[in-house]
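Text of start-v2.txt (compact mmCIF, C-alpha atoms (C1' of nucleotides)) as supplied:
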# COMPACT_ATOMS: atom_id res chain seq x y z
CA MET U 17 109.21 124.24 76.99
CA GLU U 18 111.10 127.51 77.21
CA GLN U 19 107.88 129.42 77.45
CA TYR U 20 107.71 128.36 81.08
CA THR U 21 111.11 129.47 82.26
CA GLU U 22 110.13 133.06 83.03
CA LYS U 23 107.18 131.90 85.09
CA LEU U 24 109.26 129.27 86.81
CA LYS U 25 111.78 131.86 87.93
CA GLU U 26 109.03 133.65 89.80
CA MET U 27 108.43 130.64 92.02
CA ALA U 28 111.39 130.99 94.33
CA ARG U 29 110.61 134.24 96.11
CA PRO U 30 107.08 133.50 97.32
CA LEU U 31 107.90 129.86 97.91
CA LEU U 32 110.89 130.64 100.12
CA ALA U 33 108.90 133.23 102.02
CA TRP U 34 106.21 130.64 102.61
CA TYR U 35 108.81 128.09 103.65
CA ASP U 36 110.35 130.40 106.21
CA GLU U 37 106.96 130.72 107.86
CA ASN U 38 105.61 127.23 107.43
CA ARG U 39 108.47 124.80 107.20
CA ARG U 40 108.27 121.61 109.15
CA ILE U 41 110.62 121.31 112.07
CA LEU U 42 112.48 118.09 111.45
CA PRO U 43 115.50 116.65 113.23
CA TRP U 44 117.61 116.48 110.09
CA ARG U 45 116.83 120.13 109.44
CA GLU U 46 117.63 121.39 112.91
CA GLU U 47 121.10 119.99 112.79
CA VAL U 48 122.35 119.69 109.24
CA SER U 49 125.29 117.63 108.13
CA PRO U 50 125.93 115.70 104.93
CA TYR U 51 125.69 112.47 106.89
CA ARG U 52 122.38 113.33 108.51
CA THR U 53 120.95 114.61 105.25
CA TRP U 54 122.03 111.45 103.49
CA VAL U 55 120.56 109.09 106.08
CA SER U 56 117.30 111.03 106.26
CA GLU U 57 116.91 111.13 102.49
CA ILE U 58 117.49 107.41 102.19
CA MET U 59 114.90 106.79 104.90
CA LEU U 60 112.50 109.16 103.18
CA GLN U 61 112.63 107.28 99.90
CA GLN U 62 109.15 105.83 99.47
CA THR U 63 108.43 106.61 103.07
CA ARG U 64 106.52 109.39 104.80
CA VAL U 65 108.09 111.75 107.27
CA ALA U 66 105.96 110.56 110.19
CA ALA U 67 107.14 106.99 109.71
CA VAL U 68 110.77 108.03 109.46
CA LEU U 69 111.02 110.18 112.60
CA PRO U 70 111.40 107.46 115.26
CA TYR U 71 113.75 105.50 113.04
CA PHE U 72 115.94 108.49 112.42
CA HIS U 73 116.34 109.12 116.13
CA ARG U 74 117.27 105.57 116.93
CA PHE U 75 119.54 105.36 113.95
CA MET U 76 121.45 108.47 114.86
CA GLU U 77 121.92 107.26 118.41
CA ARG U 78 123.31 103.96 117.27
CA CYS U 79 125.23 105.25 114.22
CA PRO U 80 126.08 108.89 114.80
CA THR U 81 128.84 108.93 112.20
CA VAL U 82 129.73 107.40 108.85
CA GLU U 83 132.40 105.37 110.62
CA ALA U 84 129.95 103.97 113.14
CA LEU U 85 127.62 103.01 110.33
CA ALA U 86 130.42 101.39 108.38
CA ALA U 87 131.43 99.36 111.41
CA ALA U 88 127.94 98.37 112.51
CA ASP U 89 126.80 94.78 112.51
CA GLU U 90 124.53 94.14 109.56
CA GLN U 91 122.00 92.26 111.62
CA GLU U 92 121.80 95.10 114.06
CA LEU U 93 121.41 97.52 111.21
CA LEU U 94 118.52 95.56 109.78
CA LYS U 95 116.98 95.45 113.21
CA LEU U 96 117.21 99.24 113.35
CA TRP U 97 115.46 99.30 109.98
CA GLU U 98 112.83 96.77 110.94
CA GLY U 99 109.37 97.94 109.89
CA LEU U 100 110.61 100.71 107.64
CA GLY U 101 110.56 98.56 104.52
CA TYR U 102 112.80 98.37 101.48
CA TYR U 103 115.58 96.74 103.44
CA SER U 104 118.07 96.97 100.63
CA ARG U 105 118.18 100.64 101.55
CA ALA U 106 119.80 99.70 104.86
CA ARG U 107 122.30 97.36 103.24
CA ASN U 108 123.16 99.91 100.57
CA LEU U 109 123.53 102.57 103.22
CA GLN U 110 126.18 100.53 104.92
CA LYS U 111 127.90 99.57 101.68
CA ALA U 112 128.09 103.23 100.82
CA ALA U 113 129.33 104.10 104.30
CA ARG U 114 132.20 101.67 103.85
CA ILE U 115 133.07 103.21 100.50
CA ILE U 116 132.92 106.67 102.04
CA THR U 117 135.24 105.71 104.88
CA GLY U 118 137.56 103.83 102.56
CA GLU U 119 137.72 106.20 99.65
CA TYR U 120 136.64 109.60 100.86
CA GLY U 121 138.11 109.75 104.34
CA GLY U 122 134.68 109.51 105.91
CA GLN U 123 133.35 112.62 104.19
CA LEU U 124 130.51 112.44 101.68
CA PRO U 125 131.73 113.74 98.34
CA ALA U 126 130.13 117.01 97.23
CA ASP U 127 129.99 115.75 93.69
CA GLN U 128 127.02 114.50 91.75
CA LYS U 129 128.81 111.74 89.86
CA ALA U 130 130.58 110.47 92.96
CA LEU U 131 127.38 110.49 95.00
CA MET U 132 125.39 108.69 92.35
CA ALA U 133 128.07 106.04 92.15
CA LEU U 134 127.32 105.14 95.76
CA PRO U 135 124.80 102.35 96.28
CA GLY U 136 121.34 103.60 97.08
CA ILE U 137 121.90 107.11 95.81
CA GLY U 138 120.15 107.98 92.57
CA ASP U 139 119.28 111.17 90.82
CA TYR U 140 116.88 112.49 93.42
CA THR U 141 118.94 111.68 96.50
CA ALA U 142 122.11 113.08 94.98
CA GLY U 143 120.27 116.32 94.27
CA ALA U 144 118.84 116.44 97.78
CA ILE U 145 122.21 115.91 99.47
CA LEU U 146 124.03 118.37 97.24
CA SER U 147 121.49 121.13 97.59
CA ILE U 148 120.61 120.68 101.26
CA ALA U 149 123.95 119.77 102.78
CA PHE U 150 126.37 121.43 100.38
CA GLY U 151 124.34 124.34 99.02
CA VAL U 152 124.89 123.26 95.42
CA PRO U 153 122.12 124.52 93.10
CA ILE U 154 120.90 121.20 91.73
CA PRO U 155 117.27 120.12 91.55
CA ALA U 156 115.92 117.20 93.55
CA VAL U 157 112.89 115.95 91.68
CA ASP U 158 110.67 113.59 93.61
CA GLY U 159 106.99 112.83 93.32
CA ASN U 160 106.03 116.05 95.11
CA VAL U 161 108.08 118.15 92.74
CA LEU U 162 106.67 116.41 89.69
CA ARG U 163 103.16 117.10 90.91
CA ILE U 164 103.85 120.75 91.70
CA LEU U 165 105.60 121.40 88.40
CA SER U 166 102.89 119.65 86.49
CA ARG U 167 100.26 121.87 88.07
CA PHE U 168 102.33 125.02 88.04
CA THR U 169 102.90 124.78 84.30
CA GLY U 170 99.50 123.26 83.65
CA SER U 171 101.32 120.55 81.73
CA ASP U 172 99.59 117.36 80.78
CA LEU U 173 102.86 115.53 80.28
CA ASP U 174 102.64 112.15 81.94
CA ILE U 175 104.80 112.28 85.08
CA LEU U 176 105.29 108.52 85.10
CA ASP U 177 106.68 108.47 81.58
CA ALA U 178 110.46 108.37 81.80
CA LYS U 179 110.69 110.31 78.55
CA ASN U 180 109.22 113.33 80.29
CA ARG U 181 111.47 113.26 83.32
CA LYS U 182 114.13 115.26 81.55
CA ILE U 183 111.63 118.00 80.83
CA PHE U 184 110.49 118.20 84.43
CA ARG U 185 114.08 118.27 85.55
CA THR U 186 114.72 121.17 83.20
CA TRP U 187 111.79 123.01 84.71
CA ALA U 188 112.99 122.30 88.21
CA ALA U 189 116.41 123.63 87.27
CA ALA U 190 114.86 126.75 85.79
CA ALA U 191 112.93 127.40 88.98
CA LEU U 192 115.87 126.77 91.28
CA PRO U 193 117.40 129.94 92.73
CA ALA U 194 121.17 130.29 93.05
CA GLU U 195 120.66 131.30 96.66
CA ARG U 196 119.28 128.78 99.13
CA PRO U 197 118.83 125.88 96.71
CA GLY U 198 118.47 123.48 99.64
CA ALA U 199 115.73 125.53 101.23
CA PHE U 200 114.01 125.78 97.87
CA ASN U 201 114.05 122.03 97.27
CA GLN U 202 112.78 121.36 100.77
CA ALA U 203 110.14 124.03 100.34
CA LEU U 204 108.82 122.17 97.31
CA MET U 205 108.62 118.97 99.35
CA ASP U 206 106.80 120.70 102.19
CA LEU U 207 104.44 122.39 99.79
CA GLY U 208 103.74 119.06 98.14
CA SER U 209 103.01 117.35 101.42
CA ALA U 210 100.92 120.10 103.02
CA VAL U 211 99.33 122.18 100.26
CA CYS U 212 99.75 120.89 96.74
CA LEU U 213 98.31 117.58 97.75
CA PRO U 214 97.83 114.67 95.39
CA GLY U 215 94.30 113.86 94.44
CA PRO U 216 91.30 116.02 93.79
CA SER U 217 91.56 118.50 96.65
CA PRO U 218 94.80 120.46 96.75
CA ARG U 219 94.66 123.39 99.15
CA CYS U 220 95.07 126.12 96.57
CA GLY U 221 93.69 128.64 99.04
CA ASP U 222 96.81 128.20 101.15
CA CYS U 223 99.26 128.08 98.28
CA PRO U 224 101.86 130.82 97.95
CA LEU U 225 102.10 130.02 94.25
CA ALA U 226 98.41 130.06 93.43
CA HIS U 227 98.68 133.37 91.59
CA LEU U 228 101.33 131.87 89.30
CA CYS U 229 99.84 128.42 88.90
CA ALA U 230 98.59 127.61 85.41
CA ALA U 231 96.46 124.70 86.56
CA ARG U 232 94.84 126.91 89.15
CA GLN U 233 94.11 129.59 86.60
CA GLU U 234 92.55 127.04 84.28
CA GLY U 235 90.73 125.31 87.13
CA LYS U 236 92.28 121.98 86.30
CA GLN U 237 94.43 121.42 89.39
CA ALA U 238 92.36 118.38 90.26
CA MET U 239 93.12 116.81 86.89
CA LEU U 240 96.87 117.13 87.25
CA PRO U 241 99.32 115.58 87.25
CA VAL U 242 98.61 113.20 84.42
CA ARG U 243 99.88 109.73 85.16
CA THR U 244 99.76 106.76 82.83
CA PRO U 245 96.43 104.98 83.11
CA LYS U 246 98.61 102.40 84.84
CA ARG U 247 98.31 100.31 81.73
CA GLU U 248 95.47 98.53 83.38
CA LYS U 249 95.93 94.82 82.92
CA ARG U 250 92.55 93.65 81.83
CA ARG U 251 91.36 90.75 83.81
CA GLU U 252 89.87 87.74 82.14
CA GLU U 253 88.07 85.04 83.98
CA MET U 254 87.86 81.57 82.54
CA THR U 255 87.01 78.04 83.43
CA VAL U 256 89.47 75.41 82.26
CA PHE U 257 88.45 71.81 81.76
CA LEU U 258 90.95 69.03 82.10
CA LEU U 259 88.93 66.32 80.46
CA ARG U 260 90.22 62.77 80.46
CA ARG U 261 88.64 59.65 79.05
CA THR U 262 89.09 56.24 80.53
CA ASP U 263 91.42 55.32 77.65
CA GLY U 264 93.72 58.11 78.83
CA ALA U 265 93.00 60.53 75.99
CA VAL U 266 92.79 64.21 76.91
CA ALA U 267 90.86 66.94 75.15
CA LEU U 268 92.89 69.81 73.73
CA CYS U 269 92.07 72.75 71.51
CA ARG U 270 94.25 74.82 69.26
CA ARG U 271 94.31 78.57 69.87
CA PRO U 272 93.78 80.94 66.95
CA GLN U 273 96.81 81.66 64.77
CA ARG U 274 96.77 85.30 65.72
CA GLY U 275 96.87 87.04 69.07
CA LEU U 276 97.82 85.83 72.50
CA LEU U 277 99.59 82.44 72.54
CA ALA U 278 98.84 82.10 68.86
CA GLY U 279 98.68 78.56 67.55
CA LEU U 280 99.47 76.95 70.87
CA TRP U 281 97.38 74.24 72.49
CA GLU U 282 95.14 74.65 75.46
CA TYR U 283 92.68 72.71 77.52
CA PRO U 284 89.07 73.39 76.59
CA ASN U 285 87.92 76.52 78.34
CA ILE U 286 85.13 79.00 78.37
CA PRO U 287 84.83 82.56 79.68
CA GLY U 288 83.69 83.10 83.23
CA LEU U 289 84.27 81.37 86.54
CA LEU U 290 81.83 78.48 86.58
CA THR U 291 80.62 76.71 89.66
CA GLU U 292 80.73 72.95 89.59
CA VAL U 293 77.03 72.87 88.81
CA SER U 294 77.42 75.22 85.84
CA ALA U 295 80.47 73.32 84.72
CA ALA U 296 78.52 70.08 84.77
CA ARG U 297 75.87 71.72 82.64
CA GLN U 298 78.52 72.81 80.18
CA LEU U 299 79.90 69.28 79.90
CA ALA U 300 76.42 67.96 79.23
CA ALA U 301 76.00 70.61 76.55
CA TRP U 302 79.16 69.32 74.92
CA GLY U 303 77.68 65.83 74.92
CA LEU U 304 79.97 64.42 77.57
CA ALA U 305 78.90 62.19 80.41
CA VAL U 306 80.69 62.74 83.68
CA GLN U 307 82.18 59.63 85.17
CA ARG U 308 84.10 61.24 88.00
CA TRP U 309 85.06 64.68 89.27
CA GLU U 310 88.72 64.37 90.07
CA LYS U 311 89.83 67.74 91.26
CA SER U 312 89.22 71.46 91.10
CA TRP U 313 91.67 74.35 91.49
CA ARG U 314 92.12 78.07 91.05
CA ALA U 315 95.04 79.52 89.16
CA LYS U 316 96.07 82.82 87.75
CA HIS U 317 98.49 83.82 85.10
CA VAL U 318 99.74 87.29 84.36
CA PHE U 319 100.77 88.39 80.88
CA THR U 320 102.08 91.85 80.06
CA HIS U 321 98.62 93.18 79.39
CA VAL U 322 96.15 90.60 80.64
CA ARG U 323 95.59 88.68 83.78
CA TRP U 324 93.85 85.36 83.61
CA ASP U 325 91.87 84.23 86.56
CA MET U 326 91.14 80.57 86.10
CA GLN U 327 88.85 78.03 87.69
CA GLY U 328 89.92 74.52 86.77
CA TYR U 329 88.07 71.21 86.83
CA ALA U 330 89.58 67.83 86.18
CA VAL U 331 86.91 65.37 85.13
CA THR U 332 86.88 61.83 83.81
CA VAL U 333 84.26 61.64 81.10
CA THR U 334 82.84 59.31 78.53
CA GLY U 335 81.87 60.33 75.01
CA ASP U 336 83.59 62.54 72.46
CA GLY U 337 81.58 65.69 72.51
CA GLU U 338 82.69 68.05 69.82
CA LEU U 339 86.21 67.86 71.13
CA ALA U 340 89.48 66.50 69.79
CA TRP U 341 91.22 63.92 71.98
CA TYR U 342 94.89 63.17 72.18
CA THR U 343 96.96 60.38 73.65
CA ALA U 344 99.91 61.02 75.93
CA GLU U 345 102.19 60.18 73.00
CA GLN U 346 100.55 62.82 70.82
CA ARG U 347 100.47 65.37 73.61
CA ARG U 348 104.23 65.19 74.00
CA GLN U 349 104.55 66.92 70.63
CA MET U 350 102.07 69.68 71.43
CA ALA U 351 102.99 73.03 72.90
CA ILE U 352 100.88 73.88 75.91
CA PRO U 353 101.85 77.27 77.36
CA SER U 354 102.79 77.75 80.97
CA ALA U 355 99.60 79.70 81.55
CA PHE U 356 98.09 76.23 81.82
CA GLU U 357 100.87 74.87 83.95
CA ARG U 358 98.60 74.17 86.86
CA ALA U 359 96.24 72.12 84.71
CA THR U 360 99.15 70.24 83.19
CA ARG U 361 100.49 69.49 86.64
CA VAL U 362 97.13 68.15 87.74
CA LEU U 363 97.10 65.97 84.66
CA GLU U 364 100.52 64.58 85.48
CA GLU U 365 99.38 63.83 89.00
CA LEU U 366 96.33 62.01 87.74
CA GLU U 367 98.34 60.03 85.23
CA GLY U 368 100.82 59.11 87.91
CA GLU U 369 98.14 57.43 89.96
C1' DT M 6 91.95 95.96 97.92
C1' DT M 7 94.47 99.22 95.45
C1' DC M 8 97.65 102.91 95.13
C1' DC M 9 102.11 105.04 95.58
C1' DG M 10 107.20 105.67 94.63
C1' DG M 11 113.42 106.11 94.12
C1' DT M 12 116.84 102.81 93.05
C1' DA M 13 118.86 98.73 91.23
C1' DT M 14 118.84 95.44 87.93
C1' DA M 15 117.82 92.66 83.99
C1' DT O 21 112.33 99.87 79.37
C1' DA O 22 110.06 97.13 82.86
C1' DT O 23 109.90 95.23 87.35
C1' DA O 24 111.02 94.02 92.26
C1' DC O 25 111.40 95.88 96.57
C1' DC O 26 107.93 97.37 101.13
C1' DG O 27 104.59 99.43 104.36
C1' DG O 28 100.98 102.49 105.09
C1' DA O 29 97.25 105.48 103.38
C1' DA O 30 93.12 105.84 100.72

Written as structure tokens, how would this file's structure read?
Amino acid sequence: MEQYTEKLKEMARPLLAWYDENRRILPWREEVSPYRTWVSEIMLQQTRVAAVLPYFHRFMERCPTVEALAAADEQELLKLWEGLGYYSRARNLQKAARIITGEYGGQLPADQKALMALPGIGDYTAGAILSIAFGVPIPAVDGNVLRILSRFTGSDLDILDAKNRKIFRTWAAAALPAERPGAFNQALMDLGSAVCLPGPSPRCGDCPLAHLCAARQEGKQAMLPVRTPKREKRREEMTVFLLRRTDGAVALCRRPQRGLLAGLWEYPNIPGLLTEVSAARQLAAWGLAVQRWEKSWRAKHVFTHVRWDMQGYAVTVTGDGELAWYTAEQRRQMAIPSAFERATRVLEELEGE
DNA sequence: TTCCGGTATA
DNA sequence: TATACCGGAA
């Protein structure tokens, strides 16, 4: 980890020089105040600059000060936020504005703990406000910064893994210059949005840090950053049969004693999404004669690691097939997991008729 | 359709 | 530690 600190310290000079030439002209940069920085950073959470611009203008007209924000009507505030998404940001903004007027005399506190205690302000936003509006040398690590640091160091640490966040933060702190910390943090964001782009084609040719960048030197900039393979939920398709005989008995199967839903009961099912024709063929193969197709449905159920996509058929049949049949009395004692809730509900409807 | 992400919350 | 919250880009 420490092996990077020397390299990281070399970032600031070329990055700031690049920023002075290439920085985006943005309303919250042209006129800087803690309030404006705060509002802009909240709006920029999960949201691109282009989307924020018109909102920021309108917002500043309507709520030019912390006091105005604190006093605003919530409905009006939400209207101002309409279309920007994540509406709890607007509510938290106002909650925080009321705390700031009540407890801090209308001035944002220049203190990390105090800022982070305000609703809507987390680690990143606190860092952004402190460095940009107050000149405090504290990192502000967002997705851009994670990507840049990951490439710069050539690190294959997973940027989505919370365990690694501390390491990236340490790197960001090592790179942060004592002078112009706000400009530095904003430079990283601009670099991330214009040059060190996500995906396979960062513009290394335009990058002021290319000569220092480990990923660039190793030609692996397209492979970084590493992000968890999103723990892909595997998707399983199945056809579920709700089979009922005229005497009211229903077919159920016991799941294996190990694995998912171990030992619980389920309606007979087979892999794949079967059409009614294929399903009929399956029933015939089981030695069942269809008396009546009652109902069909689609359902899905999501487990931590699997997603079931189910096609259901409720059928009145005659015969036993190879299946085990249970009366309503017996079924009351049997555990049928909620993954089959839809089928169970259909059964209850049918039995209610 | 899927991907992406700061913060709050459970 | 995982997930909901949202809209827009890929």

Contacts of O:DG27 at 8 Å (only C-alpha atoms (C1' of nucleotides); same-chain gap of 4+ positions) as a list of chain:residue names: U:Gly99, U:Leu100, U:Gly101

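Here atom CA of U:Phe72 is placed at a distance of 22.5 Å from atom CA of U:Ala126.
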
Surrounding residues of U:Tyr342 excluding itself and chain neighbours under 4 positions, 9 Å, only C-alpha atoms (C1' of nucleotides), as a VMD selection string: chain U and resid 264 to 268 346 to 347

d(atom CA of U:Ile183, atom CA of U:Leu162) in Å: 10.3 Å

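Distances from U:Ala230, U:Ala296, U:Ile137, U:Met76 to M:DT12 were compared using all atoms listed in the file, and the smallest one belongs to U:Ile137.
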
Residue nearest O:DA29 - candidates U:Thr63, U:Arg52, U:Ser312, U:Arg40, atoms counted: all atoms listed in the file: U:Thr63

Close residues, M:DA15 itself excluded, 12 Å, only C-alpha atoms (C1' of nucleotides), min 6 positions apart in chain, as a ChimeraX atom specification: /O:21-24

Residues of chain M within 12 Å of chain U, counting only C-alpha atoms (C1' of nucleotides), as a list in words: DT7, DC8, DC9, DG10, DG11, DT12 and DA13 of chain M

Using all atoms listed in the file, determine which residues of chain O fall within 9 Å of chain U; present them as an mmCIF file with C-alpha atoms (C1' of nucleotides), in the frame of the given file.
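Result file follows (out.cif):
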data_model
loop_
_atom_site.group_PDB
_atom_site.id
_atom_site.type_symbol
_atom_site.label_atom_id
_atom_site.label_comp_id
_atom_site.auth_asym_id
_atom_site.auth_seq_id
_atom_site.Cartn_x
_atom_site.Cartn_y
_atom_site.Cartn_z
ATOM 1 C "C1'" DC O 25 111.400 95.880 96.570
ATOM 2 C "C1'" DC O 26 107.930 97.370 101.130
ATOM 3 C "C1'" DG O 27 104.590 99.430 104.360
ATOM 4 C "C1'" DG O 28 100.980 102.490 105.090
#

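One distance worth recording is that between atom CA of U:Asn38 and atom CA of U:Asn160, which is 16.6 Å.
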
Identify, on the basis of all atoms listed in the file, every residue whose closest approach to U:Ala88 does not exceed 9 Å; exclude the query and any residue fewer than 4 positions from it along the same chain; express the result as a PDB file with C-alpha atoms, in the coordinates of the input.
ATOM      1  CA  ARG U  78     123.310 103.960 117.270  1.00  0.00           C
ATOM      2  CA  CYS U  79     125.230 105.250 114.220  1.00  0.00           C
ATOM      3  CA  GLU U  83     132.400 105.370 110.620  1.00  0.00           C
ATOM      4  CA  ALA U  84     129.950 103.970 113.140  1.00  0.00           C
ATOM      5  CA  GLU U  92     121.800  95.100 114.060  1.00  0.00           C
ATOM      6  CA  LEU U  93     121.410  97.520 111.210  1.00  0.00           C
ATOM      7  CA  GLN U 110     126.180 100.530 104.920  1.00  0.00           C
TER       8      GLN U 110
END

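With only C-alpha atoms as the atoms that count, the minimum distance from U:Gln19 to the choices U:Ile352, U:Ala190, U:Leu109, U:Ala231 is reached by U:Ala190.
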
Please work out which residues fall within 9 Å of (104.0, 122.9, 85.4), coordinates as given in the file, with all atoms listed in the file counting, and return them as a tab-separated table (two decimals) with C-alpha atoms, keeping the file's coordinate frame.
chain	number	residue	atom	x	y	z
U	20	TYR	CA	107.71	128.36	81.08
U	24	LEU	CA	109.26	129.27	86.81
U	162	LEU	CA	106.67	116.41	89.69
U	163	ARG	CA	103.16	117.10	90.91
U	164	ILE	CA	103.85	120.75	91.70
U	165	LEU	CA	105.60	121.40	88.40
U	166	SER	CA	102.89	119.65	86.49
U	167	ARG	CA	100.26	121.87	88.07
U	168	PHE	CA	102.33	125.02	88.04
U	169	THR	CA	102.90	124.78	84.30
U	170	GLY	CA	99.50	123.26	83.65
U	171	SER	CA	101.32	120.55	81.73
U	172	ASP	CA	99.59	117.36	80.78
U	184	PHE	CA	110.49	118.20	84.43
U	187	TRP	CA	111.79	123.01	84.71
U	229	CYS	CA	99.84	128.42	88.90
U	230	ALA	CA	98.59	127.61	85.41
U	231	ALA	CA	96.46	124.70	86.56
U	241	PRO	CA	99.32	115.58	87.25

Around stretch 66-84 of chain U, fit a box with edges along x, y and z, padding it by 3 Å on each side, then list its centre and edge lengths in Å to one decimal as lines of an AutoDock Vina configuration file.
center_x = 119.2
center_y = 107.3
center_z = 113.6
size_x = 32.4
size_y = 12.6
size_z = 15.6

Neighbours of U:Leu85 within 12 Å (all atoms listed in the file; same-chain residues fewer than 3 positions away dropped), as an mmCIF file with C-alpha atoms, in the frame of the given file?
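Final output, saved to out_35.cif:
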data_model
loop_
_atom_site.group_PDB
_atom_site.id
_atom_site.type_symbol
_atom_site.label_atom_id
_atom_site.label_comp_id
_atom_site.auth_asym_id
_atom_site.auth_seq_id
_atom_site.Cartn_x
_atom_site.Cartn_y
_atom_site.Cartn_z
ATOM 1 C CA TYR U 51 125.690 112.470 106.890
ATOM 2 C CA ARG U 52 122.380 113.330 108.510
ATOM 3 C CA VAL U 55 120.560 109.090 106.080
ATOM 4 C CA PHE U 75 119.540 105.360 113.950
ATOM 5 C CA MET U 76 121.450 108.470 114.860
ATOM 6 C CA GLU U 77 121.920 107.260 118.410
ATOM 7 C CA ARG U 78 123.310 103.960 117.270
ATOM 8 C CA CYS U 79 125.230 105.250 114.220
ATOM 9 C CA PRO U 80 126.080 108.890 114.800
ATOM 10 C CA THR U 81 128.840 108.930 112.200
ATOM 11 C CA VAL U 82 129.730 107.400 108.850
ATOM 12 C CA ALA U 88 127.940 98.370 112.510
ATOM 13 C CA ASP U 89 126.800 94.780 112.510
ATOM 14 C CA GLU U 90 124.530 94.140 109.560
ATOM 15 C CA GLU U 92 121.800 95.100 114.060
ATOM 16 C CA LEU U 93 121.410 97.520 111.210
ATOM 17 C CA LEU U 94 118.520 95.560 109.780
ATOM 18 C CA LEU U 96 117.210 99.240 113.350
ATOM 19 C CA ALA U 106 119.800 99.700 104.860
ATOM 20 C CA ARG U 107 122.300 97.360 103.240
ATOM 21 C CA ASN U 108 123.160 99.910 100.570
ATOM 22 C CA LEU U 109 123.530 102.570 103.220
ATOM 23 C CA GLN U 110 126.180 100.530 104.920
ATOM 24 C CA LYS U 111 127.900 99.570 101.680
ATOM 25 C CA ALA U 112 128.090 103.230 100.820
ATOM 26 C CA ALA U 113 129.330 104.100 104.300
ATOM 27 C CA ARG U 114 132.200 101.670 103.850
ATOM 28 C CA ILE U 115 133.070 103.210 100.500
ATOM 29 C CA ILE U 116 132.920 106.670 102.040
ATOM 30 C CA THR U 117 135.240 105.710 104.880
ATOM 31 C CA GLY U 122 134.680 109.510 105.910
#
